[in-house]
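Dumped upload-v2.txt below, it's compact mmCIF, C-alpha atoms and all ligand atoms:
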# COMPACT_ATOMS: atom_id res chain seq x y z
CA MET A 30 -85.54 -7.32 -13.06
CA PRO A 31 -84.96 -9.58 -16.08
CA ILE A 32 -81.37 -9.98 -17.14
CA ALA A 33 -80.71 -9.16 -20.80
CA ALA A 34 -79.92 -12.20 -22.97
CA PRO A 35 -76.32 -12.39 -24.14
CA SER A 36 -75.73 -11.34 -27.75
CA PRO A 37 -75.29 -14.36 -30.05
CA GLN A 38 -71.81 -13.28 -31.19
CA SER A 39 -70.65 -13.45 -27.57
CA TRP A 40 -71.12 -17.22 -27.56
CA ILE A 41 -71.02 -18.42 -31.19
CA LYS A 42 -67.57 -17.92 -32.70
CA THR A 43 -65.74 -18.78 -35.85
CA SER A 44 -62.37 -20.44 -35.67
CA ALA A 45 -60.04 -22.11 -38.14
CA ALA A 46 -62.04 -25.28 -37.50
CA GLY A 47 -65.35 -23.56 -38.36
CA LEU A 48 -68.29 -22.56 -36.16
CA TYR A 49 -67.72 -23.01 -32.44
CA CYS A 50 -70.26 -22.84 -29.61
CA GLU A 51 -68.31 -21.70 -26.56
CA PRO A 52 -70.67 -22.47 -23.64
CA GLY A 53 -71.25 -25.99 -25.04
CA ASP A 54 -67.63 -26.49 -26.10
CA PHE A 55 -68.52 -28.05 -29.47
CA HIS A 56 -68.06 -27.34 -33.17
CA ILE A 57 -70.75 -27.41 -35.84
CA ASP A 58 -69.75 -29.17 -39.10
CA PRO A 59 -66.06 -28.79 -38.15
CA LEU A 60 -63.54 -28.49 -40.96
CA ARG A 61 -60.95 -30.47 -39.03
CA PRO A 62 -61.36 -33.27 -36.47
CA ALA A 63 -62.94 -31.96 -33.24
CA LEU A 64 -63.48 -33.40 -29.77
CA ARG A 65 -67.21 -32.75 -30.04
CA ALA A 66 -69.04 -32.15 -33.32
CA VAL A 67 -72.69 -31.44 -34.07
CA ILE A 68 -73.33 -32.28 -37.73
CA THR A 69 -76.09 -30.78 -39.91
CA HIS A 70 -76.10 -33.42 -42.68
CA GLY A 71 -74.09 -36.10 -44.46
CA HIS A 72 -72.53 -34.21 -47.40
CA GLY A 73 -68.76 -34.47 -47.31
CA ASP A 74 -68.08 -30.76 -46.80
CA HIS A 75 -70.25 -30.77 -43.63
CA ALA A 76 -69.76 -34.26 -42.22
CA ARG A 77 -66.06 -35.02 -42.13
CA PRO A 78 -64.38 -38.07 -40.62
CA GLY A 79 -62.24 -38.20 -37.49
CA ASN A 80 -64.30 -36.43 -34.82
CA ALA A 81 -64.23 -37.95 -31.33
CA ARG A 82 -67.92 -37.37 -30.47
CA VAL A 83 -70.65 -36.79 -33.03
CA LEU A 84 -74.22 -35.63 -32.44
CA ALA A 85 -76.59 -35.77 -35.44
CA THR A 86 -79.83 -37.36 -36.62
CA ALA A 87 -79.79 -41.17 -36.84
CA GLU A 88 -79.98 -40.84 -40.64
CA THR A 89 -76.92 -38.58 -40.80
CA ILE A 90 -75.01 -40.94 -38.51
CA ALA A 91 -75.91 -43.90 -40.76
CA ILE A 92 -74.72 -41.93 -43.81
CA MET A 93 -71.43 -41.09 -42.06
CA GLN A 94 -70.94 -44.75 -41.11
CA ALA A 95 -71.65 -45.86 -44.68
CA ARG A 96 -69.07 -43.41 -45.98
CA TYR A 97 -66.37 -43.47 -43.32
CA GLY A 98 -66.79 -46.72 -41.39
CA GLU A 99 -64.88 -46.53 -38.09
CA ALA A 100 -63.65 -43.02 -38.87
CA ALA A 101 -67.23 -41.68 -38.58
CA GLY A 102 -66.40 -40.99 -34.91
CA ASP A 103 -65.62 -42.72 -31.60
CA VAL A 104 -68.98 -41.95 -29.98
CA LEU A 105 -71.97 -41.45 -32.28
CA GLN A 106 -75.02 -40.03 -30.58
CA PRO A 107 -78.32 -39.83 -32.50
CA LEU A 108 -80.84 -37.11 -31.70
CA ALA A 109 -84.33 -37.14 -33.25
CA TYR A 110 -85.92 -34.02 -34.74
CA GLY A 111 -87.65 -31.99 -32.06
CA GLN A 112 -85.89 -33.61 -29.11
CA SER A 113 -83.68 -31.48 -26.95
CA LEU A 114 -80.41 -32.17 -25.18
CA ALA A 115 -78.16 -30.12 -22.87
CA ILE A 116 -74.49 -29.87 -23.81
CA GLY A 117 -72.73 -27.83 -21.16
CA ALA A 118 -74.84 -24.72 -20.63
CA VAL A 119 -76.50 -24.93 -24.06
CA GLN A 120 -79.73 -26.60 -25.06
CA VAL A 121 -79.40 -28.30 -28.47
CA ARG A 122 -82.33 -29.30 -30.69
CA LEU A 123 -82.48 -30.48 -34.32
CA ALA A 124 -85.14 -29.28 -36.78
CA PRO A 125 -85.65 -30.58 -40.35
CA ALA A 126 -83.78 -28.66 -43.06
CA GLY A 127 -85.42 -30.24 -46.14
CA HIS A 128 -82.06 -30.67 -47.88
CA VAL A 129 -81.32 -34.45 -47.91
CA LEU A 130 -82.32 -37.43 -45.75
CA GLY A 131 -81.54 -36.61 -42.10
CA SER A 132 -80.53 -33.01 -42.76
CA ALA A 133 -81.05 -30.77 -39.74
CA GLN A 134 -80.92 -27.19 -38.61
CA ILE A 135 -79.10 -26.91 -35.29
CA VAL A 136 -81.18 -24.87 -32.83
CA LEU A 137 -79.11 -23.58 -29.89
CA ASP A 138 -80.56 -21.90 -26.80
CA TYR A 139 -78.35 -20.20 -24.25
CA ARG A 140 -79.64 -17.89 -21.49
CA GLY A 141 -82.62 -16.67 -23.53
CA SER A 142 -80.64 -16.15 -26.72
CA ARG A 143 -81.28 -18.44 -29.72
CA VAL A 144 -79.01 -19.24 -32.67
CA VAL A 145 -80.05 -21.39 -35.63
CA VAL A 146 -77.39 -22.92 -37.88
CA SER A 147 -79.40 -24.05 -40.88
CA GLY A 148 -76.65 -25.94 -42.72
CA ASP A 149 -77.84 -26.46 -46.29
CA TYR A 150 -81.58 -26.23 -46.89
CA LYS A 151 -84.38 -25.87 -49.39
CA ARG A 152 -88.05 -24.98 -49.06
CA ARG A 153 -89.77 -26.90 -51.82
CA PRO A 154 -91.25 -30.33 -51.08
CA ASP A 155 -88.95 -33.32 -51.46
CA PRO A 156 -90.44 -36.83 -51.17
CA THR A 157 -87.17 -38.18 -49.75
CA CYS A 158 -86.81 -36.02 -46.62
CA ALA A 159 -88.71 -34.11 -43.95
CA PRO A 160 -89.65 -30.52 -44.92
CA PHE A 161 -87.78 -27.46 -43.58
CA GLU A 162 -89.35 -26.04 -40.43
CA PRO A 163 -88.62 -22.33 -39.88
CA GLN A 164 -87.46 -21.48 -36.35
CA ASN A 165 -87.71 -18.01 -34.87
CA CYS A 166 -84.32 -16.96 -33.54
CA ASP A 167 -81.97 -14.08 -32.69
CA LEU A 168 -79.22 -15.13 -35.08
CA PHE A 169 -79.88 -17.11 -38.25
CA ILE A 170 -76.91 -18.58 -40.11
CA THR A 171 -77.86 -19.28 -43.71
CA GLU A 172 -76.21 -20.78 -46.75
CA ALA A 173 -76.18 -18.80 -50.01
CA THR A 174 -75.18 -21.36 -52.65
CA PHE A 175 -77.68 -19.79 -55.05
CA GLY A 176 -77.66 -16.33 -53.43
CA LEU A 177 -78.24 -14.24 -56.54
CA PRO A 178 -81.58 -13.04 -57.93
CA VAL A 179 -80.90 -14.81 -61.27
CA PHE A 180 -81.20 -18.14 -59.50
CA ARG A 181 -84.84 -19.15 -59.53
CA HIS A 182 -85.31 -22.90 -59.77
CA PRO A 183 -88.21 -24.06 -61.96
CA PRO A 184 -90.78 -26.57 -60.61
CA ASP A 185 -89.24 -30.08 -60.28
CA ARG A 186 -92.10 -31.62 -62.21
CA GLN A 187 -91.30 -29.51 -65.27
CA GLU A 188 -87.71 -30.80 -65.28
CA ILE A 189 -88.74 -34.44 -64.79
CA ASP A 190 -91.27 -34.08 -67.63
CA LYS A 191 -88.44 -32.82 -69.88
CA LEU A 192 -86.54 -36.02 -69.14
CA LEU A 193 -89.55 -38.28 -69.73
CA HIS A 194 -90.37 -36.47 -72.94
CA SER A 195 -86.82 -36.95 -74.24
CA LEU A 196 -86.99 -40.65 -73.33
CA ALA A 197 -90.17 -41.03 -75.39
CA LEU A 198 -88.65 -39.05 -78.28
CA PHE A 199 -85.42 -41.09 -78.50
CA PRO A 200 -86.34 -44.72 -77.70
CA GLU A 201 -83.06 -46.01 -79.21
CA ARG A 202 -80.87 -43.94 -76.91
CA CYS A 203 -79.86 -44.59 -73.34
CA HIS A 204 -80.47 -41.55 -71.11
CA LEU A 205 -77.55 -41.04 -68.75
CA VAL A 206 -78.40 -38.67 -65.89
CA GLY A 207 -75.66 -37.21 -63.69
CA VAL A 208 -76.77 -37.03 -60.04
CA TYR A 209 -74.93 -36.55 -56.74
CA ALA A 210 -74.80 -39.78 -54.75
CA LEU A 211 -76.39 -38.36 -51.60
CA GLY A 212 -79.78 -36.72 -52.02
CA LYS A 213 -80.05 -35.84 -55.69
CA CYS A 214 -79.97 -39.44 -56.87
CA GLN A 215 -82.78 -40.56 -54.56
CA ARG A 216 -84.83 -37.42 -55.15
CA VAL A 217 -84.69 -37.84 -58.94
CA LEU A 218 -85.80 -41.47 -58.53
CA ALA A 219 -88.68 -40.47 -56.23
CA LEU A 220 -89.74 -37.65 -58.57
CA LEU A 221 -89.73 -40.06 -61.54
CA ARG A 222 -92.01 -42.42 -59.61
CA ARG A 223 -94.34 -39.56 -58.70
CA ALA A 224 -94.52 -38.68 -62.38
CA GLY A 225 -95.68 -42.26 -63.08
CA TYR A 226 -92.44 -43.77 -64.42
CA GLU A 227 -92.45 -47.38 -63.22
CA GLU A 228 -89.68 -48.95 -65.32
CA PRO A 229 -86.49 -50.13 -63.61
CA VAL A 230 -83.78 -47.46 -63.37
CA TYR A 231 -80.15 -48.57 -63.71
CA LEU A 232 -77.56 -47.31 -61.23
CA HIS A 233 -73.81 -46.76 -61.44
CA GLY A 234 -72.11 -48.78 -58.68
CA ALA A 235 -71.18 -45.66 -56.70
CA LEU A 236 -74.89 -44.87 -56.13
CA ILE A 237 -76.13 -48.21 -54.86
CA ARG A 238 -75.10 -48.08 -51.20
CA LEU A 239 -76.82 -44.78 -50.39
CA CYS A 240 -79.94 -45.82 -52.31
CA GLU A 241 -80.12 -48.94 -50.11
CA LEU A 242 -79.65 -46.75 -47.04
CA TYR A 243 -82.58 -44.53 -48.08
CA GLN A 244 -84.72 -47.63 -48.65
CA ARG A 245 -83.80 -48.92 -45.19
CA PHE A 246 -85.10 -45.64 -43.76
CA GLY A 247 -88.40 -46.19 -45.58
CA VAL A 248 -87.93 -44.01 -48.67
CA SER A 249 -89.36 -45.86 -51.68
CA LEU A 250 -87.38 -45.48 -54.88
CA GLY A 251 -89.16 -48.04 -57.09
CA PRO A 252 -87.30 -50.76 -59.00
CA VAL A 253 -83.55 -50.04 -59.27
CA LEU A 254 -80.90 -52.33 -60.77
CA PRO A 255 -77.11 -52.17 -61.06
CA ALA A 256 -75.99 -50.93 -64.49
CA THR A 257 -72.81 -52.96 -64.31
CA GLY A 258 -72.82 -56.16 -66.34
CA VAL A 259 -76.04 -55.33 -68.20
CA ALA A 260 -75.99 -55.95 -71.97
CA ARG A 261 -75.65 -52.84 -74.12
CA GLU A 262 -78.83 -53.73 -76.01
CA THR A 263 -80.85 -53.88 -72.77
CA LEU A 264 -80.01 -50.26 -71.94
CA LYS A 265 -81.53 -48.82 -75.13
CA GLY A 266 -84.37 -46.51 -74.14
CA ARG A 267 -83.49 -46.92 -70.46
CA LEU A 268 -82.53 -44.49 -67.71
CA VAL A 269 -79.10 -44.82 -66.16
CA LEU A 270 -78.07 -42.69 -63.17
CA ALA A 271 -74.39 -42.03 -62.46
CA PRO A 272 -72.33 -39.56 -60.43
CA PRO A 273 -71.49 -36.40 -62.43
CA SER A 274 -67.83 -37.44 -62.56
CA ALA A 275 -68.76 -40.64 -64.43
CA ILE A 276 -70.83 -39.11 -67.22
CA ALA A 277 -67.82 -38.03 -69.25
CA ASP A 278 -65.45 -40.87 -68.44
CA ILE A 279 -64.75 -44.22 -69.99
CA TRP A 280 -67.52 -45.88 -67.98
CA SER A 281 -70.20 -44.20 -70.10
CA ARG A 282 -68.74 -45.33 -73.43
CA ARG A 283 -70.30 -48.77 -73.20
CA LEU A 284 -73.80 -47.30 -73.06
CA PRO A 285 -75.85 -47.30 -76.30
CA ASP A 286 -75.70 -43.76 -77.84
CA PRO A 287 -76.06 -42.05 -74.43
CA LEU A 288 -77.96 -38.79 -74.18
CA VAL A 289 -76.32 -36.98 -71.29
CA ALA A 290 -78.42 -35.12 -68.72
CA LEU A 291 -77.34 -33.58 -65.42
CA ALA A 292 -79.57 -32.69 -62.45
CA SER A 293 -78.17 -29.64 -60.63
CA GLY A 294 -79.11 -26.10 -59.73
CA TRP A 295 -76.08 -25.02 -61.77
CA MET A 296 -77.80 -26.19 -64.95
CA ARG A 297 -79.54 -22.81 -64.86
CA VAL A 298 -76.19 -21.50 -66.19
CA ARG A 299 -76.04 -22.46 -69.87
CA GLN A 300 -72.24 -22.25 -70.15
CA ARG A 301 -71.85 -24.72 -67.30
CA ALA A 302 -74.09 -27.26 -69.03
CA LYS A 303 -72.22 -26.77 -72.28
CA ALA A 304 -68.79 -27.05 -70.68
CA ALA A 305 -69.83 -30.31 -68.99
CA GLY A 306 -71.04 -31.74 -72.31
CA VAL A 307 -74.62 -31.91 -71.07
CA GLU A 308 -77.24 -32.23 -73.78
CA LEU A 309 -80.22 -32.11 -71.44
CA PRO A 310 -79.73 -29.81 -68.42
CA LEU A 311 -82.19 -30.46 -65.58
CA VAL A 312 -82.48 -27.62 -63.06
CA ILE A 313 -83.15 -29.66 -59.93
CA SER A 314 -81.46 -28.36 -56.80
CA ASP A 315 -81.33 -29.36 -53.14
CA HIS A 316 -80.41 -25.78 -52.19
CA ALA A 317 -82.78 -22.86 -51.67
CA ASP A 318 -83.02 -20.49 -54.66
CA TRP A 319 -83.07 -16.70 -54.29
CA ASP A 320 -86.79 -16.54 -53.50
CA GLU A 321 -86.53 -19.31 -50.92
CA LEU A 322 -83.50 -17.69 -49.25
CA THR A 323 -85.11 -14.26 -48.95
CA ALA A 324 -88.48 -15.69 -47.85
CA THR A 325 -86.70 -17.69 -45.14
CA ILE A 326 -84.79 -14.66 -43.86
CA ASP A 327 -88.07 -12.78 -43.57
CA GLU A 328 -89.82 -15.71 -41.92
CA VAL A 329 -87.36 -16.51 -39.12
CA ALA A 330 -87.33 -12.82 -38.11
CA ALA A 331 -83.83 -12.87 -36.60
CA ASP A 332 -82.21 -9.52 -35.75
CA GLU A 333 -78.97 -10.81 -37.11
CA ILE A 334 -78.14 -12.87 -40.22
CA TRP A 335 -74.81 -14.49 -41.01
CA VAL A 336 -74.37 -15.68 -44.59
CA THR A 337 -72.02 -18.43 -45.62
CA HIS A 338 -71.32 -20.94 -48.31
CA GLY A 339 -71.58 -19.25 -51.68
CA ARG A 340 -72.61 -15.89 -53.07
CA GLU A 341 -72.84 -14.01 -49.80
CA GLU A 342 -72.81 -10.34 -50.89
CA ALA A 343 -76.22 -10.15 -52.56
CA LEU A 344 -77.99 -11.80 -49.65
CA VAL A 345 -76.17 -9.63 -47.09
CA HIS A 346 -77.28 -6.60 -49.11
CA TYR A 347 -80.87 -7.85 -49.22
CA ALA A 348 -80.94 -8.47 -45.46
CA THR A 349 -79.38 -5.08 -44.69
CA THR A 350 -81.91 -3.18 -46.80
CA LYS A 351 -84.68 -5.05 -44.95
CA GLY A 352 -83.30 -3.73 -41.65
CA TYR A 353 -81.47 -6.83 -40.36
CA ARG A 354 -77.87 -6.77 -39.23
CA ALA A 355 -76.08 -9.01 -41.68
CA ARG A 356 -72.58 -10.11 -42.52
CA ALA A 357 -70.72 -12.61 -44.69
CA LEU A 358 -69.10 -15.45 -42.78
CA ARG A 359 -66.10 -16.44 -44.77
CA LEU A 360 -65.70 -20.03 -43.70
CA ALA A 361 -63.26 -21.97 -45.81
CA GLY A 362 -63.69 -25.54 -46.91
CA PHE A 363 -67.25 -25.62 -48.22
CA GLU A 364 -67.81 -26.62 -51.80
CA GLU A 365 -70.14 -24.75 -54.05
CA ASP A 366 -72.39 -27.70 -54.67
CA GLU A 367 -73.50 -30.75 -52.72
ZN ZN A 401 -73.05 -27.56 -48.18
ZN ZN A 402 -75.34 -30.22 -48.49

Could the structure of this file be written out as structure tokens, please?
Amino acid sequence: MPIAAPSPQSWIKTSAAGLYCEPGDFHIDPLRPALRAVITHGHGDHARPGNARVLATAETIAIMQARYGEAAGDVLQPLAYGQSLAIGAVQVRLAPAGHVLGSAQIVLDYRGSRVVVSGDYKRRPDPTCAPFEPQNCDLFITEATFGLPVFRHPPDRQEIDKLLHSLALFPERCHLVGVYALGKCQRVLALLRRAGYEEPVYLHGALIRLCELYQRFGVSLGPVLPATGVARETLKGRLVLAPPSAIADIWSRRLPDPLVALASGWMRVRQRAKAAGVELPLVISDHADWDELTATIDEVAADEIWVTHGREEALVHYATTKGYRARALRLAGFEEDE
């Protein structure tokens, strides 16, 4: 007679350090240094320094090393997408999450029961990383950064065209685009190239290292140059990318009449764009929007859904009305954007 598989909540727990897999004795994206950590992707609220052992994709490990140096971990073990590894009594596999370079869903199998921790993800194509691959499972743990029906991201191409149109309209102005250093920066560059923009793009110093890392992993970003030390006159009619924190500070004052843009899913909220002094909001997100979240929940067909990382209530309500068991996982320590 077959033995019933254990329920996922009997072996995946939440602790003060975050998600914990008991039969493998490891944490996933731990909030504080752990003996053994499995990491979904390189953003700072998921990949923190100071863990003893780290398992992640080679790309995520490289990102952690670039950011943390020695503190990335004592033992760093890369695992390729699709390959499987036993940790204790649990089989661990990584599947692409489509969020940033190297981002992975953690697929855990234990005695016939499967849990998928998706980390952050999106469903639309991104030329800078492998596309999300849905995994059937018993428990699906999903983010909900944009977990409200008002959040529907427009097509990327439409947003990039807005930027290129503005550039053509104001050839005397420098266009300063706020982008997060990991993921958004490289995606915006790749989308510009796809749209046929071949001019050099100037980068704030804080963006250069991760762009080089992407290029080393074979992602082509076209011609990029440091913005530092370039004559004011040269930057007229040019594109400059900088971290969001730099667009309002003294750094941007030396640019010629900058027109400020910001690429973020939050640019869907007009007040946010206004408050940040953004003249040209670009709704480009590396997180699933409402339609992508609900489609994914339906597609993975898990009996149970745990929602974390954002606006949990609406997605829990959606999943419940569709007949899934669902609950909000109130994990502390995750930021609302990348
Ligand atoms: Zn996140
Ligand atoms: Zn992220």

Could you tell me how far CA of Leu218 in chain A lies from CA of Val146 in chain A, in Å and to one decimal? 29.0 Å

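The contact shell of ligand ZN 401 (chain A), defined as all polymer residues within 10 Å when all atoms listed in the file are used, comprises A:Asp58, A:Thr69, A:His70, A:Gly71, A:His72, A:Gly73, A:Asp74, A:His75, A:Ala76, A:His128, A:Gly148, A:Asp149, A:Tyr150, A:Glu172, A:Ala173, A:Thr174, A:Asp315, A:His316, A:Thr337, A:His338, A:Gly339, A:Gly362, A:Phe363, A:Glu364, A:Glu365, A:Asp366, A:Glu367.
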
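Using all atoms listed in the file, the shortest contact distance between Leu344 in chain A and any of A:Pro183, A:Gly225, A:Gly176, A:Gly294 is found at A:Gly176.
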
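If you look at CA of Ala219 in chain A and CA of Lys303 in chain A, they are 26.8 Å away from each other.
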
As a PyMOL selection string, please: the residues near range 101-114 of chain A (cut-off 7 Å, only C-alpha atoms, same-chain neighbours under 4 positions excluded). chain A and resi 78-87+90+93-94+97+120-125

Quick one: distance from CA of Ala277 in chain A to CA of Val253 in chain A in Å, one decimal? 22.2 Å

Could you list, as a list in words, every residue within 7 Å of Ala118 in chain A, counting only C-alpha atoms and ignoring same-chain residues fewer than 4 positions away? Pro52, Gly53 and Tyr139 of chain A

All residues 12 Å or closer to Gly352 in chain A, all atoms listed in the file, same chain fewer than 2 positions away omitted, as an NGL selection string: :A and (326-327 or 330-334 or 345-350 or 354-355)

Need to verify the contact set: Val144 in chain A, 8 Å, all atoms listed in the file, exclusion of same-chain residues closer than 3 positions in sequence. Can you return it as an NGL selection string? :A and (37 or 136-138 or 166-170)

Counting only C-alpha atoms, figure out which residue out of A:Thr257, A:Ser314, A:Ser281, A:Ser249 gets nearest to Met296 in chain A. A:Ser314

Between A:Gly131, A:Pro273, A:Pro62, A:Pro154, smallest distance to ligand ZN 402 (chain A) by only C-alpha atoms and all ligand atoms belongs to A:Gly131

Best match for closeness to ligand ZN 402 (chain A) among A:Ile276, A:Val67, A:Val129, A:Ala33, counting only C-alpha atoms and all ligand atoms: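 Ranked by minimum distance to ligand ZN 402 (chain A), first place goes to A:Val129.
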